[in-house]
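Trainee: The structure follows.
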Amino acid sequence: MCGIVAYLGEKEAQPLLLHGLRRLEYRGYDSSGIAVVDRRGRLHVVKRKGRISELERVLGSCPLTGTLGISHTRWATHGIPSDANAHPHCDQSGRLALVHNGVIENYQNLRQKLLDLGHSFQSETDTEILAHLIGHYYDQLPEGDPDRLENAVRAALKEVIGTYGIAVIHADHPDLLIGARRGSPLILGIGLGEYFLSSDVTAVCVGAQKVVYLNDGDIVTIGRHSFHISSLLRDSVGFELSELELSEASAELGDYPHYMLKEIFEQPQAIRNAFRGRLDPEEGTAKLGGLHMSPHELLAIRRILIVGCGTARHAGIVGEYLLESLAHIPVEVDYASEFRYRNAPIDEKAILIAVSQSGETADTLAAIREAKRRGLRVLGICNRVGSSVARETDGGVYMHAGPEIGVAATKSFVSQILIFVLLALLLGRLRYLSVGQGRAILEAIERLPDQVDEILQKAGLIQEMAQRYKEVRGFLFLGRQYQLGVALEGALKMKEITYIQAEGHPAAELKHGILALVDENTPTVFLCPRDGVYEKNLSNLQEIKARRGSVIAIATEGDTQIAKLADDVIYVPEAPEFLLPILTVVPLQLLAYYIAVALGRDVDKPRNLAKSVTVE
Ligand code: M6R
């Protein structure tokens, strides 16, 4: 939530900052802004409500020059989207500027303290309070202090309760950029004679070759030729330089009209990436070295708790069925936000698996910390290398799905499910599955990318279908067992990007109240591939038809029976039922996408949302 990009180097800052902001726009798009210190030591700030294109329009006619700058794209927390509430914010002197991602929880107290000191504010934001607080300490420190700005930042942050990723510049220090983080991500990008700070690596790949994923409590002080990292929490600070693996091209839209469509079509590759190097045909099992667990430790697991938010939790629900049926381990899935405050009974033979594409979701991180506090071993399934989830867990599995930029998660869902398949296979082979069964699963996994490709060929058909369903009042999504998580995910995709009311339920719940919603204007998307509950699903489907509800069925190729009952059918190839979610979700993503496009929605940046939810 909110995106930060800052630059100090030899090049003009503005174009690099704007380029970075465009990359981060998915993190928030209520307003954006930029501050640059020019060669004569003057600070210039320009900020605008609305999309980055609005800021670019203003800067186009009056560019800012200077090689030191900070910028921000905002997802509003405190204060409505407006020019005044947009970042950067300045201190009382107007010489210090700051951008911030996070929430300052004690800002009301700090505000009162500063008001008492004679400060006045231009915005309703918590961020402006922090800028003034740093400015206040800066004024207190002696002019000769060589670390005056860093010390002012340090003093102010010691008073702050809440979360932050910040970048700070000052007109009196044209060769100095300061960053700090606690609870919100911040990455230092290092190029040739230049440095970047950013909330996300996608914004720095234009110039950086190496990155440092800053830790909570870190303060980084960047000069023109060097940087140093200290910590608010620890005495000594070590850091790791990582190669930037992300290419500039992987974050580009290419020929696609939207990132979401691009990412839907990248799913065959995402699946290959998730299983590459992890299949062991000899033993009929999976190799997941990142778990850092011996066979003995894996065998000792008696219970698994899965936490995540949104799509990641839906993948966890599919994971629950997978782990229980292939590995016979009891599983419980929870909203990360609920687990964090729920006093769930746990024991030392349980592990917690946190699922997160971004690896930065605040609720998921809070759940991880709570589980660790209680002594649980915590594993992560995440996409972003070096993210907080990756760093705070005891082990885990990377998805390697590549950047997912559309706010609606797509390829991350199929990658997460595939990783649960691998995990269930590994744990199952240590328990009940024979080598032959394991090998059959591996063969079925290897067929998945081509099978997803086959479904993607039906995009034209689904686009045409979308035209017929775009005016409906609401959608129901129904599925059982492995398809329950898919039904929930289908409903989330639909509401998130089309703004049409959509609900996902276990199909058998229909008669317990949901049937009341069925009418001519509320179609049901029914997930009924040939699986263990197929016949039951057909009965439920008839119940909908009997109430004049229309049905779009997602069914297995060759199923002629379903074509007689449903109004529309989208077929998926045959696969073992525990792999079917990876196939059946694809038509639902495409249906939501094409309806959203038909309704003229902003598919990649739906209203009120942001990709990475870094506030609780
Ligand atoms: O980055 P995460 O996987 O932790 O994100 C979790 C949710 O915020 C995310 O899945 C959200 O629900 C998506 N917008 C759904 O499309």
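Simple scheme: letters A, B, ... for chains in structure tokens order, numbers from 1 for residues in each chain, numbers from 1 for ligands in the order shown.
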Going by DSSP on the backbone, which bits of stretch 289-447 of chain A are strand (DSSP E or B)? Write them as a PyMOL selection string, please.
Mentor: chain A and resi 303-308+331-335+350-356+377-382+395-398
Trainee: Could you give me the residues within 7 Å of ligand 1, counting only C-alpha atoms and all ligand atoms, as an MDAnalysis selection string?
Mentor: chainID A and resid 308:312 355:361 364 407:410 492:493 496 611:613
Trainee: Keeping only C-alpha atoms, take the residues you just selected and write them out as a compact mmCIF listing (two decimals), in the first residue's frame.
Mentor:
```
# COMPACT_ATOMS: atom_id res chain seq x y z
CA GLY A 308 -3.38 -15.80 4.35
CA CYS A 309 -5.66 -13.06 3.08
CA GLY A 310 -7.91 -12.82 0.02
CA THR A 311 -6.71 -15.01 -2.81
CA ALA A 312 -3.87 -16.44 -0.74
CA VAL A 355 0.70 -17.79 2.11
CA SER A 356 1.33 -14.43 0.46
CA GLN A 357 2.16 -13.35 -3.07
CA SER A 358 3.73 -10.07 -2.04
CA GLY A 359 5.22 -11.34 1.19
CA GLU A 360 4.39 -7.93 2.67
CA THR A 361 0.73 -8.22 3.72
CA THR A 364 -0.15 -12.15 7.35
CA VAL A 407 -4.38 -5.84 -8.38
CA ALA A 408 -6.44 -8.98 -8.96
CA ALA A 409 -4.29 -11.99 -8.13
CA THR A 410 -4.29 -14.64 -10.86
CA LEU A 492 -13.61 -12.47 -5.33
CA LYS A 493 -12.31 -11.93 -8.88
CA GLU A 496 -13.06 -7.02 -7.22
CA LYS A 611 -2.12 -4.62 -4.60
CA SER A 612 -0.06 -4.95 -1.50
CA VAL A 613 -1.94 -4.38 1.75
```
Trainee: Hey, which bits of stretch 262-328 of chain A sit within 12 Å of stretch 561-580 of chain A, and for each residue what's the closest pair of atoms and how far apart in Å (one decimal), counting only C-alpha atoms, rows by chain and increasing number, as a Markdown table?
Mentor:
```
| residue | atom | partner | partner_atom | distance |
| --- | --- | --- | --- | --- |
| A:Ile271 | CA | A:Leu579 | CA | 11.7 |
| A:Val318 | CA | A:Phe578 | CA | 8.4 |
| A:Gly319 | CA | A:Phe578 | CA | 9.4 |
| A:Glu320 | CA | A:Phe578 | CA | 10.8 |
| A:Tyr321 | CA | A:Phe578 | CA | 8.0 |
| A:Leu322 | CA | A:Phe578 | CA | 6.4 |
| A:Leu323 | CA | A:Phe578 | CA | 10.0 |
| A:Glu324 | CA | A:Phe578 | CA | 11.1 |
| A:Ser325 | CA | A:Phe578 | CA | 8.9 |
| A:Leu326 | CA | A:Phe578 | CA | 9.0 |
```
Trainee: Could those selected residues go to a file with N, CA and C atoms, as a PDB file, in the first residue's frame?
Mentor:
```pdb
ATOM      1  N   ILE A 271       3.276 -22.088 -13.668  1.00  0.00           N
ATOM      2  CA  ILE A 271       3.188 -23.464 -13.148  1.00  0.00           C
ATOM      3  C   ILE A 271       4.531 -24.181 -13.369  1.00  0.00           C
ATOM      4  N   VAL A 318      -7.788 -24.681  -0.711  1.00  0.00           N
ATOM      5  CA  VAL A 318      -7.498 -25.822  -1.594  1.00  0.00           C
ATOM      6  C   VAL A 318      -6.382 -26.664  -0.962  1.00  0.00           C
ATOM      7  N   GLY A 319      -5.397 -25.970  -0.381  1.00  0.00           N
ATOM      8  CA  GLY A 319      -4.276 -26.656   0.278  1.00  0.00           C
ATOM      9  C   GLY A 319      -4.756 -27.564   1.409  1.00  0.00           C
ATOM     10  N   GLU A 320      -5.776 -27.112   2.112  1.00  0.00           N
ATOM     11  CA  GLU A 320      -6.327 -27.914   3.213  1.00  0.00           C
ATOM     12  C   GLU A 320      -6.809 -29.278   2.697  1.00  0.00           C
ATOM     13  N   TYR A 321      -7.581 -29.253   1.610  1.00  0.00           N
ATOM     14  CA  TYR A 321      -8.085 -30.520   1.058  1.00  0.00           C
ATOM     15  C   TYR A 321      -6.925 -31.380   0.560  1.00  0.00           C
ATOM     16  N   LEU A 322      -5.936 -30.735  -0.039  1.00  0.00           N
ATOM     17  CA  LEU A 322      -4.781 -31.471  -0.576  1.00  0.00           C
ATOM     18  C   LEU A 322      -4.006 -32.168   0.536  1.00  0.00           C
ATOM     19  N   LEU A 323      -3.667 -31.400   1.564  1.00  0.00           N
ATOM     20  CA  LEU A 323      -2.832 -31.953   2.637  1.00  0.00           C
ATOM     21  C   LEU A 323      -3.579 -33.026   3.420  1.00  0.00           C
ATOM     22  N   GLU A 324      -4.874 -32.805   3.592  1.00  0.00           N
ATOM     23  CA  GLU A 324      -5.623 -33.804   4.360  1.00  0.00           C
ATOM     24  C   GLU A 324      -5.760 -35.092   3.564  1.00  0.00           C
ATOM     25  N   SER A 325      -6.032 -34.971   2.251  1.00  0.00           N
ATOM     26  CA  SER A 325      -6.288 -36.220   1.541  1.00  0.00           C
ATOM     27  C   SER A 325      -4.992 -36.899   1.088  1.00  0.00           C
ATOM     28  N   LEU A 326      -3.959 -36.149   0.726  1.00  0.00           N
ATOM     29  CA  LEU A 326      -2.730 -36.819   0.272  1.00  0.00           C
ATOM     30  C   LEU A 326      -1.785 -37.157   1.423  1.00  0.00           C
TER      31      LEU A 326
END
```
Trainee: Can you tell me, as a PyMOL selection string, what residues are no more than 9 Å from A:Glu489 when counting only C-alpha atoms, ignoring any on the same chain fewer than 2 positions away?
Mentor: chain A and resi 310-311+314-315+413+477+484-487+491-494+504+585+588-589
Trainee: Next, write the just-selected residues to a file, as a compact mmCIF listing (two decimals), in the first residue's frame, keeping C-alpha atoms as the atom set.
Mentor:
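Output saved as out.txt:
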```
# COMPACT_ATOMS: atom_id res chain seq x y z
CA GLY A 310 -7.91 -12.82 0.02
CA THR A 311 -6.71 -15.01 -2.81
CA HIS A 314 -8.45 -19.29 -0.97
CA ALA A 315 -5.34 -21.13 -2.16
CA PHE A 413 -3.27 -18.46 -7.06
CA PHE A 477 -20.22 -19.21 -7.41
CA LEU A 484 -14.81 -24.68 -2.83
CA GLY A 485 -11.65 -22.55 -2.76
CA VAL A 486 -12.11 -21.96 -6.50
CA ALA A 487 -15.72 -20.85 -6.01
CA ALA A 491 -16.49 -14.62 -6.58
CA LEU A 492 -13.61 -12.47 -5.33
CA LYS A 493 -12.31 -11.93 -8.88
CA MET A 494 -15.78 -10.99 -10.08
CA GLY A 504 -18.95 -17.97 -3.29
CA VAL A 585 -10.06 -21.24 -11.92
CA LEU A 588 -13.42 -17.75 -13.88
CA GLN A 589 -10.49 -15.32 -14.15
```
Trainee: Please report, as a Markdown table, each residue of stretch 516-616 of chain A lying at most 12 Å from stretch 65-81 of chain A, together with the nearest pair of atoms and the separation in Å rounded to one decimal; use only C-alpha atoms, and order rows by chain and ascending residue number.
Mentor:
```
| residue | atom | partner | partner_atom | distance |
| --- | --- | --- | --- | --- |
| A:Lys605 | CA | A:Trp75 | CA | 11.4 |
| A:Arg607 | CA | A:Trp75 | CA | 10.6 |
| A:Asn608 | CA | A:Trp75 | CA | 8.1 |
| A:Leu609 | CA | A:Trp75 | CA | 7.9 |
| A:Ala610 | CA | A:Trp75 | CA | 6.9 |
| A:Lys611 | CA | A:Trp75 | CA | 10.0 |
| A:Ser612 | CA | A:Trp75 | CA | 10.2 |
| A:Val613 | CA | A:Trp75 | CA | 9.6 |
| A:Thr614 | CA | A:Trp75 | CA | 10.4 |
| A:Val615 | CA | A:Thr77 | CA | 8.8 |
| A:Glu616 | CA | A:Thr77 | CA | 10.8 |
```
Trainee: Kindly export the residues of the current selection with all heavy atoms, as a CSV table (one decimal), in the first residue's frame.
Mentor:
```csv
chain,number,residue,atom,x,y,z
A,605,LYS,N,-6.5,-1.6,-11.9
A,605,LYS,CA,-6.5,-0.7,-10.7
A,605,LYS,C,-7.9,-0.5,-10.2
A,605,LYS,O,-8.4,0.6,-10.3
A,605,LYS,CB,-5.8,0.6,-10.9
A,605,LYS,CG,-4.3,0.4,-11.4
A,605,LYS,CD,-3.7,1.8,-11.5
A,605,LYS,CE,-2.4,1.6,-12.3
A,605,LYS,NZ,-2.5,1.5,-13.7
A,607,ARG,N,-11.3,0.3,-8.2
A,607,ARG,CA,-11.5,1.4,-7.2
A,607,ARG,C,-11.3,0.9,-5.8
A,607,ARG,O,-11.6,-0.2,-5.4
A,607,ARG,CB,-12.9,1.9,-7.3
A,607,ARG,CG,-14.0,1.0,-6.9
A,607,ARG,CD,-15.4,1.6,-7.1
A,607,ARG,NE,-16.4,0.6,-6.7
A,607,ARG,CZ,-17.6,0.6,-7.1
A,607,ARG,NH1,-18.1,1.5,-8.0
A,607,ARG,NH2,-18.5,-0.3,-6.6
A,608,ASN,N,-10.8,1.8,-5.0
A,608,ASN,CA,-10.6,1.6,-3.5
A,608,ASN,C,-9.5,0.6,-3.1
A,608,ASN,O,-9.3,0.3,-1.9
A,608,ASN,CB,-11.9,1.2,-2.8
A,608,ASN,CG,-13.0,2.2,-3.1
A,608,ASN,OD1,-12.7,3.3,-3.4
A,608,ASN,ND2,-14.2,1.7,-3.0
A,609,LEU,N,-8.9,-0.1,-4.0
A,609,LEU,CA,-8.0,-1.2,-3.7
A,609,LEU,C,-6.5,-0.9,-3.9
A,609,LEU,O,-6.2,0.1,-4.6
A,609,LEU,CB,-8.4,-2.5,-4.5
A,609,LEU,CG,-9.8,-3.0,-4.3
A,609,LEU,CD1,-10.0,-4.2,-5.1
A,609,LEU,CD2,-10.0,-3.3,-2.8
A,610,ALA,N,-5.7,-1.7,-3.5
A,610,ALA,CA,-4.2,-1.6,-3.8
A,610,ALA,C,-3.7,-3.0,-3.7
A,610,ALA,O,-4.3,-3.9,-3.1
A,610,ALA,CB,-3.5,-0.8,-2.7
A,611,LYS,N,-2.6,-3.3,-4.5
A,611,LYS,CA,-2.1,-4.6,-4.6
A,611,LYS,C,-1.6,-5.2,-3.3
A,611,LYS,O,-1.9,-6.3,-2.9
A,611,LYS,CB,-1.0,-4.6,-5.7
A,611,LYS,CG,-0.4,-6.0,-5.9
A,611,LYS,CD,-1.3,-6.9,-6.7
A,611,LYS,CE,-0.6,-8.2,-7.0
A,611,LYS,NZ,-1.7,-9.1,-7.5
A,612,SER,N,-0.8,-4.4,-2.6
A,612,SER,CA,-0.1,-5.0,-1.5
A,612,SER,C,-0.6,-4.3,-0.2
A,612,SER,O,-0.4,-3.0,-0.1
A,612,SER,CB,1.4,-4.7,-1.7
A,612,SER,OG,2.2,-5.3,-0.8
A,613,VAL,N,-1.2,-5.0,0.6
A,613,VAL,CA,-1.9,-4.4,1.8
A,613,VAL,C,-1.1,-4.4,3.0
A,613,VAL,O,-1.1,-5.3,3.8
A,613,VAL,CB,-3.3,-5.1,2.0
A,613,VAL,CG1,-4.1,-4.4,3.1
A,613,VAL,CG2,-4.1,-5.2,0.7
A,614,THR,N,-0.3,-3.3,3.1
A,614,THR,CA,0.7,-3.3,4.2
A,614,THR,C,0.3,-2.5,5.4
A,614,THR,O,1.1,-2.2,6.3
A,614,THR,CB,2.0,-2.6,3.6
A,614,THR,OG1,1.7,-1.3,3.1
A,614,THR,CG2,2.7,-3.5,2.6
A,615,VAL,N,-1.1,-2.3,5.5
A,615,VAL,CA,-1.6,-1.8,6.8
A,615,VAL,C,-2.6,-2.8,7.3
A,615,VAL,O,-3.3,-3.5,6.5
A,615,VAL,CB,-2.2,-0.4,6.6
A,615,VAL,CG1,-1.2,0.6,6.3
A,615,VAL,CG2,-3.3,-0.4,5.5
A,616,GLU,N,-2.8,-2.9,8.6
A,616,GLU,CA,-3.7,-3.8,9.2
A,616,GLU,C,-5.1,-3.4,9.1
A,616,GLU,O,-5.4,-2.2,9.2
A,616,GLU,CB,-3.4,-4.0,10.7
A,616,GLU,CG,-2.3,-5.1,11.0
A,616,GLU,CD,-2.3,-5.4,12.4
A,616,GLU,OE1,-3.3,-6.0,12.9
A,616,GLU,OE2,-1.2,-5.2,13.0
```
Trainee: Write out as JSON, numbers by chain each polymer residue whose atoms come within 12 Å of A:Leu244, counting only C-alpha atoms; drop sequence neighbours fewer than 5 positions from it.
Mentor: {"A": [187, 188, 189, 190, 191, 200, 201, 202, 203, 204, 205, 206, 207, 208, 209, 210, 211, 212, 213, 384, 385, 386]}
Trainee: Which is closest to A:Asp453 among A:Ala84, A:Leu583, A:Leu186, A:Val99, if we use only C-alpha atoms?
Mentor: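 Looking only at the distances to A:Asp453, the closest residue turns out to be A:Leu583.
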Trainee: Give me, as CSV, each residue of stretch 329-351 of chain A that comes within 8 Å of stretch 366-372 of chain A, together with its shortest interatomic pair and the distance in Å at one decimal, counting only C-alpha atoms, with rows ordered by chain and rising residue number.
Mentor:
```
residue,atom,partner,partner_atom,distance
A:Ala336,CA,A:Ala367,CA,5.5
A:Ser337,CA,A:Ala367,CA,6.9
A:Phe339,CA,A:Ala367,CA,6.1
A:Arg340,CA,A:Ala367,CA,4.5
```
Trainee: How would the residues just chosen look if you wrote them out with N, CA and C atoms as a compact mmCIF listing (two decimals), in the first residue's frame?
Mentor:
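selection-v6.txt, written as the output of this step:
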```txt
# COMPACT_ATOMS: atom_id res chain seq x y z
N ALA A 336 -5.62 -14.55 8.10
CA ALA A 336 -4.45 -14.13 8.88
C ALA A 336 -4.86 -13.11 9.94
N SER A 337 -5.79 -12.23 9.56
CA SER A 337 -6.21 -11.15 10.47
C SER A 337 -6.95 -11.70 11.69
N PHE A 339 -6.52 -14.98 12.90
CA PHE A 339 -5.58 -15.80 13.67
C PHE A 339 -4.77 -14.94 14.62
N ARG A 340 -4.40 -13.77 14.12
CA ARG A 340 -3.51 -12.89 14.88
C ARG A 340 -4.09 -12.50 16.24
```
Trainee: I need the residues of stretch 31-160 of chain A that end up classed as helix (DSSP H, G or I) by DSSP on the backbone, written out as JSON, numbers by chain.
Mentor: {"A": [52, 53, 54, 55, 56, 57, 58, 59, 60, 61, 107, 108, 109, 110, 111, 112, 113, 114, 115, 116, 126, 127, 128, 129, 130, 131, 132, 133, 134, 135, 136, 137, 138, 139, 140, 148, 149, 150, 151, 152, 153, 154, 155, 156, 157, 158, 159]}
Trainee: Find the spatial neighbours of A:Ile462, counting only C-alpha atoms, within a cut-off of 12 Å - ignore same-chain residues fewer than 2 positions away - and output them as a PyMOL selection string.
Mentor: chain A and resi 455-460+464-470+552+554+568-571+586-595+598
Trainee: When distances are computed from only C-alpha atoms, which of A:Gly375, A:Gly50, A:Gly223, A:Pro88 shows the smallest separation from A:Phe196?
Mentor: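 Among the listed residues, the smallest separation from A:Phe196 belongs to A:Gly223.
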